[in-house]
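Below is structure31.cif, holding mmCIF, C-alpha atoms.
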```cif
data_model
loop_
_atom_site.label_atom_id
_atom_site.label_comp_id
_atom_site.auth_asym_id
_atom_site.auth_seq_id
_atom_site.Cartn_x
_atom_site.Cartn_y
_atom_site.Cartn_z
CA MET I 1 109.70 100.38 29.28
CA HIS I 2 111.27 100.21 32.74
CA ARG I 3 113.97 102.83 33.30
CA PHE I 4 116.93 102.68 35.69
CA TYR I 5 119.91 104.81 36.75
CA PRO I 6 122.93 102.48 37.09
CA ASP I 7 125.58 102.99 39.74
CA PRO I 8 127.92 105.52 37.97
CA GLU I 9 130.95 103.88 39.59
CA LYS I 10 130.02 100.48 38.15
CA ILE I 11 129.81 101.15 34.43
CA ARG I 12 132.35 99.16 32.44
CA ASP I 13 132.32 99.85 28.70
CA ASP I 14 129.00 98.40 27.50
CA LEU I 15 128.15 96.79 30.88
CA ALA I 16 126.42 98.60 33.73
CA TYR I 17 125.31 97.49 37.19
CA LEU I 18 122.17 98.76 38.83
CA THR I 19 122.20 100.13 42.35
CA PRO I 20 121.15 97.70 45.13
CA GLU I 21 117.79 99.52 45.43
CA ASP I 22 117.07 99.34 41.69
CA SER I 23 118.30 95.76 41.52
CA ARG I 24 115.92 94.78 44.30
CA HIS I 25 113.07 96.55 42.50
CA ALA I 26 113.91 94.90 39.17
CA LEU I 27 114.22 91.38 40.61
CA THR I 28 111.65 91.35 43.39
CA VAL I 29 108.93 93.78 42.33
CA LEU I 30 109.11 93.73 38.55
CA ARG I 31 110.42 90.13 38.36
CA LEU I 32 112.60 90.94 35.38
CA LYS I 33 114.67 88.09 33.97
CA PRO I 34 117.84 87.89 31.83
CA GLY I 35 116.96 88.92 28.30
CA ALA I 36 114.44 91.57 29.39
CA THR I 37 114.80 94.91 27.61
CA VAL I 38 115.09 98.02 29.76
CA GLU I 39 116.29 101.61 29.49
CA VAL I 40 119.30 102.82 31.45
CA ILE I 41 120.78 106.28 31.82
CA SER I 42 124.55 106.34 31.33
CA GLY I 43 126.81 109.30 30.68
CA GLY I 44 123.86 111.67 30.49
CA LEU I 45 122.20 109.66 27.71
CA PRO I 46 119.40 107.08 27.66
CA TRP I 47 120.33 103.64 26.32
CA LEU I 48 118.32 100.66 25.22
CA ALA I 49 119.75 97.81 27.27
CA ARG I 50 119.25 94.13 28.03
CA ILE I 51 119.53 92.37 31.37
CA VAL I 52 122.33 89.81 31.12
CA GLY I 53 122.30 88.44 34.66
CA GLU I 54 122.99 89.22 38.30
CA GLU I 55 125.90 89.02 40.72
CA ASN I 56 125.05 88.80 44.40
CA ARG I 57 121.57 90.17 43.67
CA ILE I 58 123.02 93.12 41.71
CA VAL I 59 121.56 93.29 38.19
CA CYS I 60 123.96 93.59 35.25
CA VAL I 61 122.77 95.05 31.94
CA ARG I 62 124.43 95.43 28.56
CA LYS I 63 123.99 98.75 26.76
CA LEU I 64 122.79 98.22 23.19
CA THR I 65 121.76 101.42 21.43
CA PRO I 66 121.82 105.09 22.48
CA LEU I 67 118.44 106.81 22.47
CA PRO I 68 117.65 110.52 21.87
CA SER I 69 118.34 112.82 24.82
CA THR I 70 115.34 114.26 26.63
CA GLU I 71 117.25 117.17 28.20
CA PRO I 72 116.25 120.77 27.34
CA LYS I 73 118.74 123.07 25.66
CA LEU I 74 117.75 125.83 28.08
CA THR I 75 119.46 125.32 31.44
CA VAL I 76 117.08 126.41 34.20
CA THR I 77 117.98 126.92 37.85
CA LEU I 78 115.13 127.20 40.34
CA PHE I 79 115.88 129.26 43.45
CA GLN I 80 113.02 128.36 45.80
CA GLY I 81 112.24 130.22 49.00
CA ILE I 82 111.81 127.42 51.55
CA PRO I 83 108.07 126.76 52.03
CA LYS I 84 106.16 125.20 54.91
CA ALA I 85 105.32 121.54 55.48
CA ASP I 86 106.02 119.14 52.62
CA LYS I 87 105.50 121.62 49.76
CA MET I 88 109.18 121.41 48.83
CA ASP I 89 108.76 117.69 48.11
CA TRP I 90 106.12 118.50 45.50
CA ILE I 91 108.20 121.36 44.07
CA ILE I 92 111.26 119.08 43.70
CA GLN I 93 109.17 116.42 41.96
CA LYS I 94 107.52 118.77 39.47
CA ALA I 95 110.66 120.80 38.78
CA THR I 96 112.45 117.56 37.90
CA GLU I 97 109.64 116.56 35.53
CA LEU I 98 109.72 119.97 33.81
CA GLY I 99 113.44 119.78 33.08
CA VAL I 100 115.01 122.05 35.72
CA SER I 101 118.79 121.53 35.94
CA ARG I 102 119.52 122.86 39.44
CA ILE I 103 117.37 123.50 42.52
CA VAL I 104 118.55 125.76 45.33
CA PRO I 105 116.43 126.11 48.51
CA VAL I 106 116.73 129.71 49.70
CA GLU I 107 116.38 131.06 53.23
CA MET I 108 114.48 134.34 52.96
CA GLU I 109 113.17 136.98 55.33
CA ARG I 110 109.58 135.72 55.28
CA CYS I 111 110.34 131.99 55.41
CA VAL I 112 108.51 130.34 58.30
CA VAL I 113 110.66 127.19 58.24
CA ARG I 114 114.25 127.36 59.55
CA LEU I 115 116.14 124.12 59.06
CA SER I 116 118.77 122.90 61.50
CA ARG I 117 121.90 121.19 60.13
CA THR I 118 120.43 117.79 61.05
CA ASP I 119 117.12 118.59 59.40
CA GLU I 120 118.94 119.96 56.37
CA ALA I 121 120.87 116.72 55.81
CA LYS I 122 117.71 114.62 56.13
CA LYS I 123 115.78 116.92 53.79
CA LEU I 124 118.53 116.85 51.17
CA GLU I 125 118.58 113.06 51.21
CA ARG I 126 114.79 112.98 50.86
CA TRP I 127 114.69 115.62 48.11
CA ARG I 128 117.35 113.81 46.08
CA LYS I 129 115.44 110.54 46.36
CA ILE I 130 112.22 112.27 45.23
CA SER I 131 114.09 113.82 42.29
CA ARG I 132 115.54 110.45 41.31
CA GLU I 133 112.12 108.80 41.24
CA ALA I 134 110.63 111.74 39.32
CA GLY I 135 113.52 111.54 36.87
CA LYS I 136 112.82 107.86 36.22
CA GLN I 137 109.14 108.52 35.64
CA SER I 138 109.68 111.50 33.34
CA GLY I 139 112.66 110.17 31.40
CA ARG I 140 115.31 112.62 32.58
CA CYS I 141 118.83 111.89 31.37
CA VAL I 142 120.46 114.17 33.94
CA LEU I 143 118.99 114.60 37.40
CA PRO I 144 118.85 118.13 38.81
CA GLU I 145 121.58 119.14 41.19
CA ILE I 146 119.99 119.93 44.56
CA LEU I 147 122.11 122.21 46.71
CA PRO I 148 121.94 122.72 50.48
CA PRO I 149 119.78 125.67 51.59
CA MET I 150 121.50 129.05 51.66
CA PRO I 151 120.53 132.61 52.67
CA VAL I 152 119.55 134.95 49.86
CA ARG I 153 122.53 137.22 50.61
CA GLN I 154 124.86 134.26 50.14
CA LEU I 155 123.02 133.15 47.02
CA ILE I 156 123.58 136.36 45.07
CA MET I 157 127.35 136.02 45.54
CA GLN I 158 127.56 132.55 43.98
CA ASP I 159 129.54 131.92 40.80
CA PHE I 160 126.91 129.49 39.51
CA LEU I 161 124.28 132.19 38.98
CA PRO I 162 122.98 131.95 35.40
CA ALA I 163 123.58 134.75 32.91
CA LEU I 164 119.89 135.73 33.04
CA ASN I 165 117.89 135.76 36.29
CA VAL I 166 114.27 136.67 37.00
CA VAL I 167 112.16 137.03 40.10
CA PRO I 168 108.36 136.77 39.75
CA TRP I 169 106.97 139.48 42.03
CA GLU I 170 103.38 140.50 42.65
CA GLU I 171 104.25 144.20 42.35
CA ALA I 172 105.98 143.84 38.97
CA ASP I 173 103.92 145.37 36.15
CA GLY I 174 103.91 145.03 32.40
CA PHE I 175 106.92 142.74 31.96
CA GLY I 176 106.10 139.06 31.94
CA PRO I 177 107.49 135.85 30.40
CA LEU I 178 106.68 136.84 26.81
CA ALA I 179 108.34 140.23 27.16
CA LEU I 180 111.37 138.58 28.76
CA VAL I 181 111.83 136.13 25.89
CA LYS I 182 111.48 138.94 23.33
CA ALA I 183 114.14 140.93 25.20
CA HIS I 184 116.47 137.92 25.61
CA PRO I 185 115.72 135.60 22.67
CA GLY I 186 119.02 133.74 22.73
CA ALA I 187 119.18 132.86 26.42
CA GLU I 188 120.91 129.55 27.16
CA SER I 189 120.75 129.64 30.96
CA LEU I 190 118.05 131.07 33.18
CA GLY I 191 117.54 131.47 36.92
CA ILE I 192 114.08 131.82 38.48
CA LEU I 193 113.78 132.94 42.11
CA ILE I 194 110.50 132.24 43.91
CA GLY I 195 109.63 133.71 47.28
CA PRO I 196 108.12 131.72 50.19
CA GLU I 197 104.48 131.89 51.32
CA GLY I 198 104.90 135.40 52.75
CA GLY I 199 106.38 136.73 49.54
CA ILE I 200 109.56 138.68 48.93
CA SER I 201 110.32 141.75 51.02
CA PRO I 202 111.11 145.12 49.40
CA ASP I 203 114.63 144.93 50.85
CA GLU I 204 115.17 141.55 49.20
CA ILE I 205 113.90 142.85 45.86
CA GLY I 206 116.35 145.73 46.14
CA LEU I 207 119.15 143.29 46.97
CA LEU I 208 118.30 141.03 44.03
CA LYS I 209 118.24 143.98 41.65
CA THR I 210 121.85 144.75 42.59
CA ARG I 211 122.74 141.40 40.95
CA ASP I 212 120.56 142.12 37.91
CA PHE I 213 117.61 139.90 38.85
CA ILE I 214 114.74 141.12 36.69
CA PRO I 215 111.31 141.40 38.37
CA ILE I 216 108.59 139.88 36.18
CA THR I 217 104.85 139.44 36.50
CA LEU I 218 103.00 136.13 36.18
CA GLY I 219 99.66 137.85 35.66
CA LYS I 220 96.98 139.57 37.70
CA ARG I 221 96.44 136.74 40.14
CA ILE I 222 98.61 135.99 43.16
CA LEU I 223 99.97 132.45 42.94
CA ARG I 224 100.97 130.21 45.80
CA THR I 225 104.70 129.61 46.15
CA GLU I 226 104.39 126.02 44.93
CA THR I 227 102.37 127.18 41.91
CA ALA I 228 104.45 130.22 40.97
CA GLY I 229 107.67 128.34 40.33
CA MET I 230 106.06 125.68 38.19
CA ALA I 231 104.06 128.29 36.24
CA ALA I 232 107.20 130.32 35.56
CA VAL I 233 109.28 127.28 34.55
CA ALA I 234 106.56 125.89 32.27
CA ALA I 235 105.82 129.26 30.65
CA LEU I 236 109.46 130.05 29.94
CA MET I 237 110.27 126.54 28.77
CA CYS I 238 107.36 126.82 26.35
CA LEU I 239 108.29 130.28 25.07
CA TYR I 240 111.90 129.22 24.53
CA GLY I 241 110.69 126.28 22.45
CA GLU I 242 111.33 123.50 24.94
CA MET I 243 107.77 122.14 24.76
CA GLU I 244 108.15 121.04 21.13
CA ARG I 245 109.19 117.56 19.97
CA GLU I 246 111.74 117.52 17.19
#
```
What would the structure in this file look like if it were written as structure tokens?
Amino acid sequence: MHRFYPDPEKIRDDLAYLTPEDSRHALTVLRLKPGATVEVISGGLPWLARIVGEENRIVCVRKLTPLPSTEPKLTVTLFQGIPKADKMDWIIQKATELGVSRIVPVEMERCVVRLSRTDEAKKLERWRKISREAGKQSGRCVLPEILPPMPVRQLIMQDFLPALNVVPWEEADGFGPLALVKAHPGAESLGILIGPEGGISPDEIGLLKTRDFIPITLGKRILRTETAGMAAVAALMCLYGEMERE
């Protein structure tokens, strides 16, 4: 079934209006007509809906029945050291699919890429568009919040830090995802910090430990930055029971 995110400012009781982009896609590409059944995301919930018409090429749908939420109970924030090239695009896409709630690009000592303010604005717009498309494909009810990049020293002072935070580190021994879940079985929010291609410096590890970030291992092999985050998210989602269907 085709899935859309209506314009949040144009939801009136049981009626919702798609964004111009989604309306164009529905009318021109998919050739949907009044009476067609679709799924829309409204108020953080998926709804079965029916197209009732259009106004100035903006599609109007009527919400019919709420559907079960697809959002995980575990709130995961991914702190991602900014990687080279277009790797962040892939990370944003996959993190959205896996159920991450917030993504924060982090400027770290060994980051090769340094974004200017102009580049940052363009990247944010692109990343949010990628996340929106990934959310449609994967059935997300709430899209991840994507924050502007910030230095690691600024990050550790933020009020939004989850109650439990981990940092996969190649020098961490004997304490991995399974041990973490056994030590913190009732966690409701979790932060995962991933270093860039060059890894995390000893000074940064020391800094993170001052804010109770727990170094963990992801095994004997060294993972690429774009692999490490997804491996950590998937493993912890699984161990906290988020890979089951109720």
**Item:** Polymer residues at most 8 Å from region 33-38 of chain I, all atoms listed in the file, same-chain spacing of 4 or more positions, as a PyMOL selection string
**Value:** chain I and resi 1-4+27+48-53
Could you save those same residues with C-alpha atoms as a PDB file, keeping the file's coordinate frame?
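To be explicit, this is the file written out as part_23.pdb:
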```
ATOM      1  CA  MET I   1     109.700 100.380  29.280  1.00  0.00           C
ATOM      2  CA  HIS I   2     111.270 100.210  32.740  1.00  0.00           C
ATOM      3  CA  ARG I   3     113.970 102.830  33.300  1.00  0.00           C
ATOM      4  CA  PHE I   4     116.930 102.680  35.690  1.00  0.00           C
ATOM      5  CA  LEU I  27     114.220  91.380  40.610  1.00  0.00           C
ATOM      6  CA  LEU I  48     118.320 100.660  25.220  1.00  0.00           C
ATOM      7  CA  ALA I  49     119.750  97.810  27.270  1.00  0.00           C
ATOM      8  CA  ARG I  50     119.250  94.130  28.030  1.00  0.00           C
ATOM      9  CA  ILE I  51     119.530  92.370  31.370  1.00  0.00           C
ATOM     10  CA  VAL I  52     122.330  89.810  31.120  1.00  0.00           C
ATOM     11  CA  GLY I  53     122.300  88.440  34.660  1.00  0.00           C
TER      12      GLY I  53
END
```
**Asked** Which neighbours of region 11-17 of chain I fall inside 10 Å, counting all atoms listed in the file, when residues of the same chain fewer than 6 positions from it are skipped, and could you give them as a list in words?
**Response** Phe4, Tyr5, Ser23, Val40, Ile41, Ser42, Gly43, Ala49, Arg50, Ile51, Val52, Gly53, Glu54, Glu55, Ile58, Val59, Cys60, Val61, Arg62, Lys63, Leu64 and Thr65 of chain I
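If you look at CA of Gly44 (chain I) and CA of Leu239 (chain I), they are 24.9 Å away from each other.
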**Prompt:** Applied to the shown file, which residues does the PyMOL selection byres ((chain I and resi 131-135) around 8) return, written as an MDAnalysis selection string?
**Reply:** chainID I and resid 92:94 96:97 127:130 136:144
**Request:** Would you work out the distance separating CA of Lys84 (chain I) from CA of Trp169 (chain I), expressed in Å to one decimal?
**Result:** 19.2 Å
I'd like the residues picked by the PyMOL selection byres ((chain I and resi 72) around 10) written out as a tab-separated table (two decimals) with C-alpha atoms, in the coordinates of the input, using the chain letters and numbers from the file.
```tsv
chain	number	residue	atom	x	y	z
I	69	SER	CA	118.34	112.82	24.82
I	70	THR	CA	115.34	114.26	26.63
I	71	GLU	CA	117.25	117.17	28.20
I	73	LYS	CA	118.74	123.07	25.66
I	74	LEU	CA	117.75	125.83	28.08
I	75	THR	CA	119.46	125.32	31.44
I	76	VAL	CA	117.08	126.41	34.20
I	98	LEU	CA	109.72	119.97	33.81
I	99	GLY	CA	113.44	119.78	33.08
I	100	VAL	CA	115.01	122.05	35.72
I	101	SER	CA	118.79	121.53	35.94
I	140	ARG	CA	115.31	112.62	32.58
I	188	GLU	CA	120.91	129.55	27.16
I	237	MET	CA	110.27	126.54	28.77
I	240	TYR	CA	111.90	129.22	24.53
I	241	GLY	CA	110.69	126.28	22.45
I	242	GLU	CA	111.33	123.50	24.94
I	243	MET	CA	107.77	122.14	24.76
```
**Request:** Quick one: everything within 10 Å of Ile205 (chain I), counting all atoms listed in the file, minus sequence neighbours fewer than 5 positions away in the same chain. Send it as a ChimeraX atom specification.
**Result:** /I:167,169,200,210,213-215
Determine, using only C-alpha atoms, which residues of region 62-146 of chain I have any atom at most 10 Å from an atom of region 153-163 of chain I, and tabulate each with its shortest atom pair and distance in Å to one decimal place, rows ordered by chain and then rising number, as a tab-separated table.
```
residue	atom	partner	partner_atom	distance
I:Thr75	CA	I:Pro162	CA	8.5
I:Val76	CA	I:Pro162	CA	8.2
I:Thr77	CA	I:Pro162	CA	7.5
I:Phe79	CA	I:Leu155	CA	8.9
I:Arg102	CA	I:Phe160	CA	9.9
I:Val104	CA	I:Leu155	CA	8.8
I:Pro105	CA	I:Leu155	CA	9.8
I:Val106	CA	I:Leu155	CA	7.7
I:Glu107	CA	I:Arg153	CA	9.1
I:Met108	CA	I:Arg153	CA	8.9
```
**Message:** Between CA of Leu190 (chain I) and CA of Leu164 (chain I), what distance in Å does the model show, to one decimal?
**Reply:** 5.0 Å
**Prompt:** Restricting the calculation to all atoms listed in the file, which member of I:Glu145, I:Asp173, I:Glu109, I:Asp119 is positioned closest to Pro196 (chain I)?
**Reply:**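 Smallest distance to Pro196 (chain I) is found for I:Glu109.
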**Request:** Quick one: everything within 10 Å of Arg224 (chain I), counting all atoms listed in the file, minus sequence neighbours fewer than 2 positions away in the same chain. Send it as an MDAnalysis selection string.
**Result:** chainID I and resid 194:199 221:222 226:229
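Across I:Pro168, I:Gly176, I:Pro148, I:Pro20, the tightest approach to Thr225 (chain I) is made by I:Pro168 when counting all atoms listed in the file.
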**Message:** So, with all atoms listed in the file as the atoms that count, which of I:Met88, I:Ile103, I:Met150, I:Ala95 lies closest to Ser116 (chain I)?
**Reply:**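 Going through I:Met88, I:Ile103, I:Met150, I:Ala95 one by one, the smallest distance to Ser116 (chain I) is for I:Met150.
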